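Note sheet for the following structure.
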Amino acid sequence: AQSVTQPDIHITVSEGASLELRCNYSYGATPYLFWYVQSPGQGLQLLLKYFSGDTLVQGIKGFEAEFKRSQSSFNLRKPSVHWSDAAEYFCAVDEAAGNKLTFGGGTRVLVKP
Amino acid sequence: DTGVSQDPRHKITKRGQNVTFRCDPISEHNRLYWYRQTLGQGPEFLTYFQNEAQLEKSRLLSDRFSAERPKGSFSTLEIQRTEQGDSAMYLCASSRGETGELFFGEGSRLTVL
């Protein structure tokens, strides 16, 4: 069975600093890969997705992610975080493009002023 | 706002009672999904519909759970004889087709006392 691991439960970062969130998946083939953000009181919002092609994917809110097949990773990055980026971030995979996503446990990001 | 809406947002019930949640998807979306999210975890897939047909149910969905989408529009998720382990956030999402972006509602939080 496929699984998604987000090794960092919490990350604290200073406003203006860079951010990288790790995601590893366990699956034989390359699944479809997603990053979602969940802010308090709001629904999950898609940040970006990878289906195929260029392994560096640009998303909304200045986020990008890089797919590395050799490492089974899909890490999320942002060069300079804003206080509004404080939220919980979830990596997800979909093995068959049916939107039946398997989510990681999430990483909660705290932004220090 | 024409996003995915869920009702009620929060339900507190006593063990053994039945509860029903409603989801109104984005109107032109033919696919509707239910996910469950417990505290500190990522969402877990429960079931999904294409139009009015329920195409898949996760093994997480015990016999006490039933979901319907009678006219291919809104959906209901009923939990019978609730147990404390059912306490969670129940998320609804919709998409246009199987590869369309998933749009999530804000969720219905269930607390079973």
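Labels for the structure tokens follow display order: chains A, B, ..., residues from 1 in each chain, ligands from 1.
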Could you list, as a ChimeraX atom specification, every residue of chain A that has an atom within 10 Å of an atom of chain B, counting only C-alpha atoms? /A:4,9,32,38-46,48-49,51,88-92,94,96-108
Once DSSP has gone over the backbone, tell me which residues of chain A are in strand (DSSP E or B), as number ranges by chain. A: 3-5, 10-14, 19-21, 24-26, 32-38, 45-50, 56-58, 64-68, 73-78, 87-94, 102-103, 107-112
For Thr38 (chain B), which of B:Val112, B:Met89, B:Leu77, B:Val19 is the closest residue, counting only C-alpha atoms? B:Met89
Within 8 Å of region 60-71 of chain B, counting only C-alpha atoms, which residues qualify if same-chain residues fewer than 2 places away don't, as a ChimeraX atom specification? /B:46-47,49,51-54,57-58,73-82
Dump as a short mmCIF file (atom, residue, chain, number, x, y, z; two decimals), in the first residue's frame, selection limited to all heavy atoms:
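Dumped everything to again.cif:
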```cif
data_model
loop_
_atom_site.label_atom_id
_atom_site.label_comp_id
_atom_site.auth_asym_id
_atom_site.auth_seq_id
_atom_site.Cartn_x
_atom_site.Cartn_y
_atom_site.Cartn_z
N LEU B 46 -12.71 8.23 2.19
CA LEU B 46 -13.81 7.36 2.63
C LEU B 46 -14.58 6.79 1.44
O LEU B 46 -14.79 5.58 1.35
CB LEU B 46 -14.78 8.14 3.52
CG LEU B 46 -14.26 8.59 4.89
CD1 LEU B 46 -15.35 9.34 5.63
CD2 LEU B 46 -13.78 7.40 5.70
N THR B 47 -15.05 7.67 0.56
CA THR B 47 -15.88 7.23 -0.54
C THR B 47 -15.99 8.32 -1.57
O THR B 47 -15.67 9.48 -1.29
CB THR B 47 -17.28 6.83 -0.04
OG1 THR B 47 -18.03 6.24 -1.11
CG2 THR B 47 -18.06 8.03 0.48
N PHE B 49 -18.38 9.64 -5.31
CA PHE B 49 -19.48 9.50 -6.26
C PHE B 49 -19.09 10.13 -7.59
O PHE B 49 -18.42 11.15 -7.62
CB PHE B 49 -20.73 10.24 -5.75
CG PHE B 49 -21.32 9.65 -4.50
CD1 PHE B 49 -20.81 9.96 -3.25
CD2 PHE B 49 -22.41 8.79 -4.57
CE1 PHE B 49 -21.35 9.43 -2.10
CE2 PHE B 49 -22.97 8.25 -3.43
CZ PHE B 49 -22.43 8.57 -2.19
N ASN B 51 -21.46 11.56 -10.35
CA ASN B 51 -22.89 11.86 -10.45
C ASN B 51 -23.59 11.18 -9.27
O ASN B 51 -23.19 11.39 -8.13
CB ASN B 51 -23.43 11.44 -11.80
CG ASN B 51 -22.70 12.15 -12.94
OD1 ASN B 51 -22.53 13.37 -12.88
ND2 ASN B 51 -22.27 11.41 -13.94
N GLU B 52 -24.62 10.37 -9.51
CA GLU B 52 -25.32 9.78 -8.37
C GLU B 52 -24.78 8.41 -7.98
O GLU B 52 -25.20 7.83 -6.98
CB GLU B 52 -26.82 9.66 -8.67
CG GLU B 52 -27.17 8.70 -9.79
CD GLU B 52 -27.08 9.35 -11.15
OE1 GLU B 52 -26.59 10.50 -11.24
OE2 GLU B 52 -27.49 8.70 -12.14
N ALA B 53 -23.83 7.89 -8.74
CA ALA B 53 -23.31 6.55 -8.49
C ALA B 53 -22.14 6.58 -7.50
O ALA B 53 -21.16 7.31 -7.70
CB ALA B 53 -22.87 5.93 -9.80
N GLN B 54 -22.26 5.76 -6.47
CA GLN B 54 -21.17 5.61 -5.51
C GLN B 54 -20.21 4.57 -6.08
O GLN B 54 -20.55 3.38 -6.16
CB GLN B 54 -21.71 5.18 -4.15
CG GLN B 54 -20.64 5.17 -3.05
CD GLN B 54 -21.24 4.88 -1.68
OE1 GLN B 54 -22.35 4.38 -1.55
NE2 GLN B 54 -20.51 5.21 -0.62
N LYS B 57 -15.86 2.60 -2.01
CA LYS B 57 -15.91 2.84 -0.57
C LYS B 57 -14.65 2.29 0.06
O LYS B 57 -14.25 1.15 -0.21
CB LYS B 57 -17.13 2.15 0.05
CG LYS B 57 -18.45 2.73 -0.39
CD LYS B 57 -19.60 2.22 0.47
CE LYS B 57 -19.85 0.76 0.28
NZ LYS B 57 -21.06 0.32 1.02
N SER B 58 -14.04 3.07 0.91
CA SER B 58 -12.86 2.62 1.63
C SER B 58 -13.25 1.58 2.68
O SER B 58 -14.38 1.58 3.18
CB SER B 58 -12.18 3.81 2.30
OG SER B 58 -11.29 3.39 3.31
N SER B 73 -26.39 15.75 -7.09
CA SER B 73 -26.00 17.12 -6.68
C SER B 73 -25.43 17.06 -5.27
O SER B 73 -24.27 16.67 -5.10
CB SER B 73 -27.19 18.07 -6.77
OG SER B 73 -28.27 17.57 -5.99
N PHE B 74 -26.24 17.36 -4.24
CA PHE B 74 -25.73 17.31 -2.88
C PHE B 74 -25.56 15.86 -2.43
O PHE B 74 -26.11 14.92 -3.04
CB PHE B 74 -26.67 18.08 -1.94
CG PHE B 74 -27.96 17.36 -1.65
CD1 PHE B 74 -28.09 16.51 -0.56
CD2 PHE B 74 -29.06 17.54 -2.47
CE1 PHE B 74 -29.28 15.86 -0.30
CE2 PHE B 74 -30.26 16.89 -2.22
CZ PHE B 74 -30.36 16.05 -1.13
N SER B 75 -24.82 15.70 -1.35
CA SER B 75 -24.60 14.37 -0.80
C SER B 75 -24.82 14.40 0.71
O SER B 75 -24.66 15.46 1.34
CB SER B 75 -23.17 13.89 -1.08
OG SER B 75 -22.90 12.65 -0.45
N THR B 76 -25.20 13.27 1.25
CA THR B 76 -25.30 13.13 2.70
C THR B 76 -24.44 11.98 3.16
O THR B 76 -24.27 10.98 2.45
CB THR B 76 -26.76 12.90 3.16
OG1 THR B 76 -27.25 11.72 2.52
CG2 THR B 76 -27.63 14.09 2.83
N LEU B 77 -23.89 12.14 4.34
CA LEU B 77 -23.13 11.08 4.99
C LEU B 77 -23.78 10.85 6.34
O LEU B 77 -23.85 11.76 7.17
CB LEU B 77 -21.67 11.51 5.17
CG LEU B 77 -20.77 10.52 5.92
CD1 LEU B 77 -20.55 9.25 5.10
CD2 LEU B 77 -19.42 11.16 6.26
N GLU B 78 -24.30 9.66 6.53
CA GLU B 78 -24.96 9.33 7.78
C GLU B 78 -24.11 8.35 8.58
O GLU B 78 -23.57 7.39 8.02
CB GLU B 78 -26.35 8.73 7.55
CG GLU B 78 -27.09 8.40 8.85
CD GLU B 78 -28.43 7.72 8.64
OE1 GLU B 78 -28.69 7.23 7.53
OE2 GLU B 78 -29.22 7.70 9.62
N ILE B 79 -24.02 8.59 9.85
CA ILE B 79 -23.34 7.67 10.75
C ILE B 79 -24.38 7.19 11.76
O ILE B 79 -24.96 8.00 12.49
CB ILE B 79 -22.16 8.32 11.49
CG1 ILE B 79 -21.21 9.02 10.51
CG2 ILE B 79 -21.40 7.27 12.30
CD1 ILE B 79 -20.11 9.83 11.17
N GLN B 80 -24.59 5.91 11.80
CA GLN B 80 -25.55 5.34 12.75
C GLN B 80 -24.82 4.83 13.99
O GLN B 80 -23.66 4.40 13.90
CB GLN B 80 -26.32 4.19 12.09
CG GLN B 80 -27.16 4.64 10.90
CD GLN B 80 -27.95 3.49 10.30
OE1 GLN B 80 -27.46 2.36 10.24
NE2 GLN B 80 -29.16 3.77 9.87
N ARG B 81 -25.50 4.89 15.09
CA ARG B 81 -24.97 4.36 16.36
C ARG B 81 -23.53 4.85 16.58
O ARG B 81 -22.58 4.07 16.70
CB ARG B 81 -25.03 2.84 16.36
CG ARG B 81 -26.41 2.28 16.09
CD ARG B 81 -26.44 0.75 16.12
NE ARG B 81 -25.49 0.14 15.19
CZ ARG B 81 -25.69 0.02 13.90
NH1 ARG B 81 -26.80 0.47 13.34
NH2 ARG B 81 -24.79 -0.57 13.13
N THR B 82 -23.40 6.15 16.67
CA THR B 82 -22.07 6.74 16.74
C THR B 82 -21.26 6.20 17.91
O THR B 82 -21.80 5.87 18.97
CB THR B 82 -22.15 8.27 16.85
OG1 THR B 82 -23.03 8.62 17.93
CG2 THR B 82 -22.64 8.90 15.57
#
```
Please return as a list of chain:residue names: the residues of chain A that backbone DSSP assigns to helix (DSSP H, G or I).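 Taking chain A and keeping helix (DSSP H, G or I) only, one gets A:Ile60, A:Lys61, A:Gly62, A:Arg69, A:Ser70, A:Gln71, A:Trp83, A:Ser84, A:Asp85.
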